[in-house]
Amino acid sequence: MSVADLLDVLKRGRKVAVLTGAGISAESGIPTFRGKDGLWNRFDPAQLATYEAFLKDPKLVWKWYLWRMHLIANARPNPGHYAVAKMEELFPDFLLITQNVDGLHREAGSRRLVELHGNIFRGKCRFCGKEYSEEEFSQLWPLAGRDFLSSISEEELKGQVFDEIDRGNLPRCLNCGEIVGPGVVWFGESLPEDALSRAFSFASSCDILFSVGTSAVVQPAASIPLYAKRSGAVIVEVNPEETPLSPYCDFVFRGSASQVLPQIVSSLEGS
Ligand code: BJW
Ligand code: ZN
């Protein structure tokens, strides 16, 4: 199946969804979770990406998140992100559903998007439920600000910044005084209701759904393409590796998002 075969389908499609995962940001230098170089190969998710872990050792969890925020603050979108942003202009009805917390889609220009797993630069108090926008959170805790993090080296992060955390500098909620955590969705937590309902309702009536750079194992996001398929959508996978979704796909492109997506977009633009 070539890009040319897909083009016939795309020309007829009006309502298009794109579901993305960590793989689309891999070529921006942000590690994925699973696979050979994935974060979960080096770190235990139960010790870092659950509320129980945060209650047990908030300093450890915050150090890990600041390390990742530092990486992200210094990363830039790649041609895969820009191609997705372009798709928004090419299709009359479009929704980007991302599991990524890095905000690179927005930086690349995507506007019609839902962030299923939140955003790493926001803050969330699990105790009282108060949520902090990126701006509010960087005011509450300047250490976690994107501008500050992009201005320091990894050595400075692991030196001065981690020392401050060890001395007890952690963000305290303006409402309840408890420690605020990162604005992401941990294992065992519910996804934001509005994002989830927008994603499933769009998927239930789209013509085409692209699944890009996701291992398609984390629920409920992994059900979205299957839901679209059951409602009659054409499913397209872009991933160098096979996933549990692959057998259900109508088109499979075994390549990197930053190569395959710009090819699809430029063939659409030229058609
Ligand atoms: C490229 C590429 C390139 C590489 N180009 N591609 C048992 C059965 C079913 C479900 C459950 C279960 N036990 C528990 C659950 C529920 C659980 C779950 O699904 N667990 C499974 C892992 C088993 N889900 C939840 O807990 C969710 N909440 C929920 O269900 O609430 C209801 C509930 C409550 C209580 C109990 C039970 C249910 C919440 C899930 C939250 C996920 N959070 C994380 C961390 C976010 C914060 C942070 O960043 O720190 O989200 S985990 C991590 O996985 C992150 C990702 O968004 C998510 C998905 O990963 P993704 O994006 O697919 O990345 P990878 O690394 O897996 O894959 C990358 C892919 O890219 C690979 O395929 C590569 O080949 C490819 N690739 N380079 C294109 N250049
Ligand atoms: Zn609070």
# chains A, B, ... in the order shown; residues from 1 in each chain; ligands from 1
>>> closest_atom_pairs(of="chain A", to="ligand 1", cutoff="7 Å", atoms="only C-alpha atoms and all ligand atoms", output="JSON lines")
{"residue": "A:Thr20", "atom": "CA", "partner": "ligand 1", "partner_atom_place_in_ligand_line": "62 (O)", "distance": 6.8}
{"residue": "A:Gly21", "atom": "CA", "partner": "ligand 1", "partner_atom_place_in_ligand_line": "62 (O)", "distance": 3.2}
{"residue": "A:Ala22", "atom": "CA", "partner": "ligand 1", "partner_atom_place_in_ligand_line": "62 (O)", "distance": 3.9}
{"residue": "A:Gly23", "atom": "CA", "partner": "ligand 1", "partner_atom_place_in_ligand_line": "71 (O)", "distance": 3.2}
{"residue": "A:Ile24", "atom": "CA", "partner": "ligand 1", "partner_atom_place_in_ligand_line": "5 (N)", "distance": 4.9}
{"residue": "A:Ala26", "atom": "CA", "partner": "ligand 1", "partner_atom_place_in_ligand_line": "78 (N)", "distance": 5.4}
{"residue": "A:Glu27", "atom": "CA", "partner": "ligand 1", "partner_atom_place_in_ligand_line": "80 (N)", "distance": 5.6}
{"residue": "A:Thr32", "atom": "CA", "partner": "ligand 1", "partner_atom_place_in_ligand_line": "66 (O)", "distance": 3.9}
{"residue": "A:Phe33", "atom": "CA", "partner": "ligand 1", "partner_atom_place_in_ligand_line": "66 (O)", "distance": 3.4}
{"residue": "A:Arg34", "atom": "CA", "partner": "ligand 1", "partner_atom_place_in_ligand_line": "66 (O)", "distance": 3.9}
{"residue": "A:Gly35", "atom": "CA", "partner": "ligand 1", "partner_atom_place_in_ligand_line": "66 (O)", "distance": 6.5}
{"residue": "A:Gly38", "atom": "CA", "partner": "ligand 1", "partner_atom_place_in_ligand_line": "66 (O)", "distance": 6.0}
{"residue": "A:Ala49", "atom": "CA", "partner": "ligand 1", "partner_atom_place_in_ligand_line": "50 (O)", "distance": 5.8}
{"residue": "A:Gln99", "atom": "CA", "partner": "ligand 1", "partner_atom_place_in_ligand_line": "57 (O)", "distance": 4.1}
{"residue": "A:Asn100", "atom": "CA", "partner": "ligand 1", "partner_atom_place_in_ligand_line": "57 (O)", "distance": 5.1}
{"residue": "A:Val101", "atom": "CA", "partner": "ligand 1", "partner_atom_place_in_ligand_line": "49 (O)", "distance": 5.7}
{"residue": "A:His117", "atom": "CA", "partner": "ligand 1", "partner_atom_place_in_ligand_line": "46 (C)", "distance": 5.7}
{"residue": "A:Ile120", "atom": "CA", "partner": "ligand 1", "partner_atom_place_in_ligand_line": "49 (O)", "distance": 7.0}
{"residue": "A:Val184", "atom": "CA", "partner": "ligand 1", "partner_atom_place_in_ligand_line": "47 (C)", "distance": 4.9}
{"residue": "A:Val185", "atom": "CA", "partner": "ligand 1", "partner_atom_place_in_ligand_line": "41 (C)", "distance": 5.0}
{"residue": "A:Trp186", "atom": "CA", "partner": "ligand 1", "partner_atom_place_in_ligand_line": "41 (C)", "distance": 4.6}
{"residue": "A:Phe187", "atom": "CA", "partner": "ligand 1", "partner_atom_place_in_ligand_line": "26 (O)", "distance": 3.6}
{"residue": "A:Gly188", "atom": "CA", "partner": "ligand 1", "partner_atom_place_in_ligand_line": "26 (O)", "distance": 3.6}
{"residue": "A:Glu189", "atom": "CA", "partner": "ligand 1", "partner_atom_place_in_ligand_line": "28 (N)", "distance": 4.7}
{"residue": "A:Ser190", "atom": "CA", "partner": "ligand 1", "partner_atom_place_in_ligand_line": "31 (O)", "distance": 4.1}
{"residue": "A:Leu191", "atom": "CA", "partner": "ligand 1", "partner_atom_place_in_ligand_line": "28 (N)", "distance": 6.1}
{"residue": "A:Val212", "atom": "CA", "partner": "ligand 1", "partner_atom_place_in_ligand_line": "79 (C)", "distance": 5.9}
{"residue": "A:Gly213", "atom": "CA", "partner": "ligand 1", "partner_atom_place_in_ligand_line": "6 (N)", "distance": 3.2}
{"residue": "A:Thr214", "atom": "CA", "partner": "ligand 1", "partner_atom_place_in_ligand_line": "63 (O)", "distance": 3.4}
{"residue": "A:Ser215", "atom": "CA", "partner": "ligand 1", "partner_atom_place_in_ligand_line": "73 (O)", "distance": 3.5}
{"residue": "A:Ala216", "atom": "CA", "partner": "ligand 1", "partner_atom_place_in_ligand_line": "63 (O)", "distance": 5.3}
{"residue": "A:Val217", "atom": "CA", "partner": "ligand 1", "partner_atom_place_in_ligand_line": "22 (C)", "distance": 5.7}
{"residue": "A:Val218", "atom": "CA", "partner": "ligand 1", "partner_atom_place_in_ligand_line": "19 (O)", "distance": 3.5}
{"residue": "A:Gln219", "atom": "CA", "partner": "ligand 1", "partner_atom_place_in_ligand_line": "19 (O)", "distance": 3.6}
{"residue": "A:Pro220", "atom": "CA", "partner": "ligand 1", "partner_atom_place_in_ligand_line": "30 (O)", "distance": 5.6}
{"residue": "A:Val238", "atom": "CA", "partner": "ligand 1", "partner_atom_place_in_ligand_line": "79 (C)", "distance": 6.0}
{"residue": "A:Asn239", "atom": "CA", "partner": "ligand 1", "partner_atom_place_in_ligand_line": "6 (N)", "distance": 4.1}
{"residue": "A:Pro240", "atom": "CA", "partner": "ligand 1", "partner_atom_place_in_ligand_line": "75 (O)", "distance": 5.4}
{"residue": "A:Glu241", "atom": "CA", "partner": "ligand 1", "partner_atom_place_in_ligand_line": "75 (O)", "distance": 4.4}
{"residue": "A:Thr243", "atom": "CA", "partner": "ligand 1", "partner_atom_place_in_ligand_line": "73 (O)", "distance": 6.2}
{"residue": "A:Gly255", "atom": "CA", "partner": "ligand 1", "partner_atom_place_in_ligand_line": "5 (N)", "distance": 6.4}
{"residue": "A:Ser256", "atom": "CA", "partner": "ligand 1", "partner_atom_place_in_ligand_line": "5 (N)", "distance": 3.5}
{"residue": "A:Ala257", "atom": "CA", "partner": "ligand 1", "partner_atom_place_in_ligand_line": "5 (N)", "distance": 3.9}
{"residue": "A:Ser258", "atom": "CA", "partner": "ligand 1", "partner_atom_place_in_ligand_line": "80 (N)", "distance": 6.4}
>>> closest_atom_pairs(of="chain A", to="ligand 2", cutoff="8 Å", atoms="only C-alpha atoms and all ligand atoms", output="tab-separated table")
residue	atom	partner	partner_atom_place_in_ligand_line	distance
A:Lys124	CA	ligand 2	1 (Zn)	7.9
A:Cys125	CA	ligand 2	1 (Zn)	4.6
A:Arg126	CA	ligand 2	1 (Zn)	6.7
A:Phe127	CA	ligand 2	1 (Zn)	5.2
A:Cys128	CA	ligand 2	1 (Zn)	4.1
A:Gly129	CA	ligand 2	1 (Zn)	6.0
A:Lys130	CA	ligand 2	1 (Zn)	5.4
A:Arg172	CA	ligand 2	1 (Zn)	7.8
A:Cys173	CA	ligand 2	1 (Zn)	4.6
A:Leu174	CA	ligand 2	1 (Zn)	6.6
A:Asn175	CA	ligand 2	1 (Zn)	4.9
A:Cys176	CA	ligand 2	1 (Zn)	4.2
A:Gly177	CA	ligand 2	1 (Zn)	6.0
A:Glu178	CA	ligand 2	1 (Zn)	5.6
A:Ile179	CA	ligand 2	1 (Zn)	7.5
A:Val180	CA	ligand 2	1 (Zn)	6.9
>>> write_last_selection(atoms="all heavy atoms", output="compact mmCIF listing (two decimals), in the first residue's frame")
# COMPACT_ATOMS: atom_id res chain seq x y z
N LYS A 124 -1.42 20.20 38.89
CA LYS A 124 -2.71 19.64 39.32
C LYS A 124 -2.59 19.21 40.78
O LYS A 124 -1.70 18.44 41.13
CB LYS A 124 -3.03 18.44 38.42
CG LYS A 124 -4.34 17.76 38.69
CD LYS A 124 -4.86 17.01 37.46
CE LYS A 124 -4.21 15.66 37.26
NZ LYS A 124 -4.67 14.92 36.09
N CYS A 125 -3.50 19.76 41.62
CA CYS A 125 -3.51 19.33 43.02
C CYS A 125 -4.48 18.15 43.12
O CYS A 125 -5.69 18.33 42.93
CB CYS A 125 -3.96 20.47 43.93
SG CYS A 125 -4.18 19.93 45.63
N ARG A 126 -3.94 16.97 43.39
CA ARG A 126 -4.81 15.78 43.49
C ARG A 126 -5.64 15.81 44.77
O ARG A 126 -6.58 15.06 44.89
CB ARG A 126 -3.95 14.50 43.48
CG ARG A 126 -3.73 13.87 42.10
CD ARG A 126 -2.57 14.47 41.41
NE ARG A 126 -2.35 13.86 40.09
CZ ARG A 126 -1.57 14.38 39.17
NH1 ARG A 126 -0.95 15.51 39.40
NH2 ARG A 126 -1.40 13.78 38.02
N PHE A 127 -5.26 16.68 45.72
CA PHE A 127 -5.95 16.68 47.01
C PHE A 127 -7.28 17.43 46.92
O PHE A 127 -8.31 16.91 47.33
CB PHE A 127 -5.04 17.30 48.08
CG PHE A 127 -5.50 17.01 49.47
CD1 PHE A 127 -5.27 15.77 50.04
CD2 PHE A 127 -6.19 17.97 50.20
CE1 PHE A 127 -5.72 15.48 51.32
CE2 PHE A 127 -6.64 17.70 51.48
CZ PHE A 127 -6.40 16.46 52.04
N CYS A 128 -7.26 18.66 46.34
CA CYS A 128 -8.51 19.44 46.25
C CYS A 128 -9.02 19.54 44.82
O CYS A 128 -10.10 20.06 44.58
CB CYS A 128 -8.33 20.83 46.85
SG CYS A 128 -7.38 21.95 45.79
N GLY A 129 -8.21 19.12 43.84
CA GLY A 129 -8.67 19.12 42.45
C GLY A 129 -8.33 20.39 41.69
O GLY A 129 -8.61 20.50 40.50
N LYS A 130 -7.70 21.39 42.35
CA LYS A 130 -7.38 22.64 41.63
C LYS A 130 -6.37 22.39 40.51
O LYS A 130 -5.37 21.69 40.71
CB LYS A 130 -6.85 23.69 42.61
CG LYS A 130 -6.60 25.05 41.94
CD LYS A 130 -6.27 26.13 42.97
CE LYS A 130 -5.74 27.41 42.31
NZ LYS A 130 -6.64 28.02 41.34
N ARG A 172 3.25 24.33 46.59
CA ARG A 172 2.14 24.14 47.53
C ARG A 172 0.87 24.76 46.95
O ARG A 172 0.90 25.90 46.47
CB ARG A 172 2.47 24.82 48.87
CG ARG A 172 3.56 24.10 49.65
CD ARG A 172 2.98 22.90 50.36
NE ARG A 172 4.01 22.07 50.99
CZ ARG A 172 3.74 20.96 51.65
NH1 ARG A 172 2.49 20.52 51.76
NH2 ARG A 172 4.70 20.25 52.19
N CYS A 173 -0.22 24.04 47.03
CA CYS A 173 -1.49 24.47 46.45
C CYS A 173 -2.02 25.74 47.12
O CYS A 173 -2.04 25.83 48.35
CB CYS A 173 -2.51 23.34 46.56
SG CYS A 173 -4.12 23.76 45.87
N LEU A 174 -2.46 26.70 46.31
CA LEU A 174 -2.99 27.97 46.83
C LEU A 174 -4.31 27.76 47.58
O LEU A 174 -4.68 28.55 48.43
CB LEU A 174 -3.22 28.95 45.67
CG LEU A 174 -1.97 29.38 44.90
CD1 LEU A 174 -2.36 30.19 43.66
CD2 LEU A 174 -1.03 30.20 45.79
N ASN A 175 -5.00 26.68 47.23
CA ASN A 175 -6.30 26.38 47.84
C ASN A 175 -6.18 25.66 49.17
O ASN A 175 -6.79 26.02 50.14
CB ASN A 175 -7.03 25.39 46.90
CG ASN A 175 -8.30 25.96 46.35
OD1 ASN A 175 -8.63 27.10 46.64
ND2 ASN A 175 -8.98 25.16 45.56
N CYS A 176 -5.38 24.57 49.14
CA CYS A 176 -5.43 23.66 50.29
C CYS A 176 -4.05 23.45 50.96
O CYS A 176 -3.98 22.82 52.01
CB CYS A 176 -6.00 22.30 49.86
SG CYS A 176 -4.89 21.37 48.80
N GLY A 177 -2.99 23.96 50.33
CA GLY A 177 -1.67 23.86 50.96
C GLY A 177 -0.95 22.54 50.75
O GLY A 177 0.21 22.37 51.15
N GLU A 178 -1.61 21.59 50.06
CA GLU A 178 -0.94 20.30 49.79
C GLU A 178 0.05 20.46 48.63
O GLU A 178 0.02 21.48 47.92
CB GLU A 178 -1.98 19.22 49.44
CG GLU A 178 -2.84 18.78 50.61
CD GLU A 178 -2.05 18.09 51.71
OE1 GLU A 178 -1.08 17.37 51.40
OE2 GLU A 178 -2.40 18.28 52.89
N ILE A 179 0.87 19.45 48.40
CA ILE A 179 1.86 19.55 47.32
C ILE A 179 1.17 19.33 45.96
O ILE A 179 0.44 18.35 45.78
CB ILE A 179 2.99 18.51 47.50
CG1 ILE A 179 3.66 18.70 48.86
CG2 ILE A 179 4.01 18.62 46.37
CD1 ILE A 179 4.62 17.57 49.22
N VAL A 180 1.41 20.28 45.05
CA VAL A 180 0.83 20.18 43.71
C VAL A 180 1.70 19.25 42.86
O VAL A 180 2.93 19.25 42.99
CB VAL A 180 0.77 21.58 43.05
CG1 VAL A 180 0.21 21.51 41.63
CG2 VAL A 180 -0.05 22.54 43.90
>>> select_by_dssp(residues="region 23-253 of chain A", states="strand (DSSP E)", output="PyMOL selection string")
chain A and resi 93-98+113-115+118-124+131-132+181-184+208-212+234-238+251-253
>>> residues_around(residues="Gly13 (chain A)", least_positions_apart="5", cutoff="12 Å", atoms="only C-alpha atoms", output="ChimeraX atom specification")
/A:6-8,90-94,205-209,233-235,268
>>> select_by_dssp(residues="region 6-137 of chain A", states="alpha helix (DSSP H)", output="VMD selection string")
chain A and resid 6 to 12 23 to 26 39 to 42 45 to 48 51 to 56 58 to 73 79 to 90 104 to 107 134 to 137
>>> residues_around(residues="Glu88 (chain A)", least_positions_apart="3", cutoff="12 Å", atoms="only C-alpha atoms", output="list in words")
Arg14, Lys15, Val16, Ala17, Val18, His81, Tyr82, Ala83, Val84, Ala85, Phe91, Pro92, Asp93, Phe94, Leu95, Leu96, Ile97, His105, Arg106, Ala108, Gly109, Ser110, Arg111, Arg112, Leu113 and Val265 of chain A
>>> residues_around(residues="region 56-72 of chain A", least_positions_apart="2", cutoff="7 Å", atoms="only C-alpha atoms", output="PyMOL selection string")
chain A and resi 30+48+52-54+74-75+102+120+144+149-150+162+165-166
>>> closest_residue(among="A:Gly123, A:Pro171, A:Gly183, A:Pro244", to="Ala222 (chain A)", atoms="only C-alpha atoms")
A:Pro244
>>> atom_distance(atom1="CA of Ser267 (chain A)", atom2="CA of Ala4 (chain A)")
7.7 Å
>>> closest_residue(among="A:Glu193, A:Glu237, A:Glu135, A:Glu156", to="Phe253 (chain A)", atoms="only C-alpha atoms")
A:Glu237
>>> atom_distance(atom1="CA of Glu269 (chain A)", atom2="CA of Lys86 (chain A)")
9.7 Å
>>> atom_distance(atom1="CA of Leu10 (chain A)", atom2="CA of Thr98 (chain A)")
20.7 Å
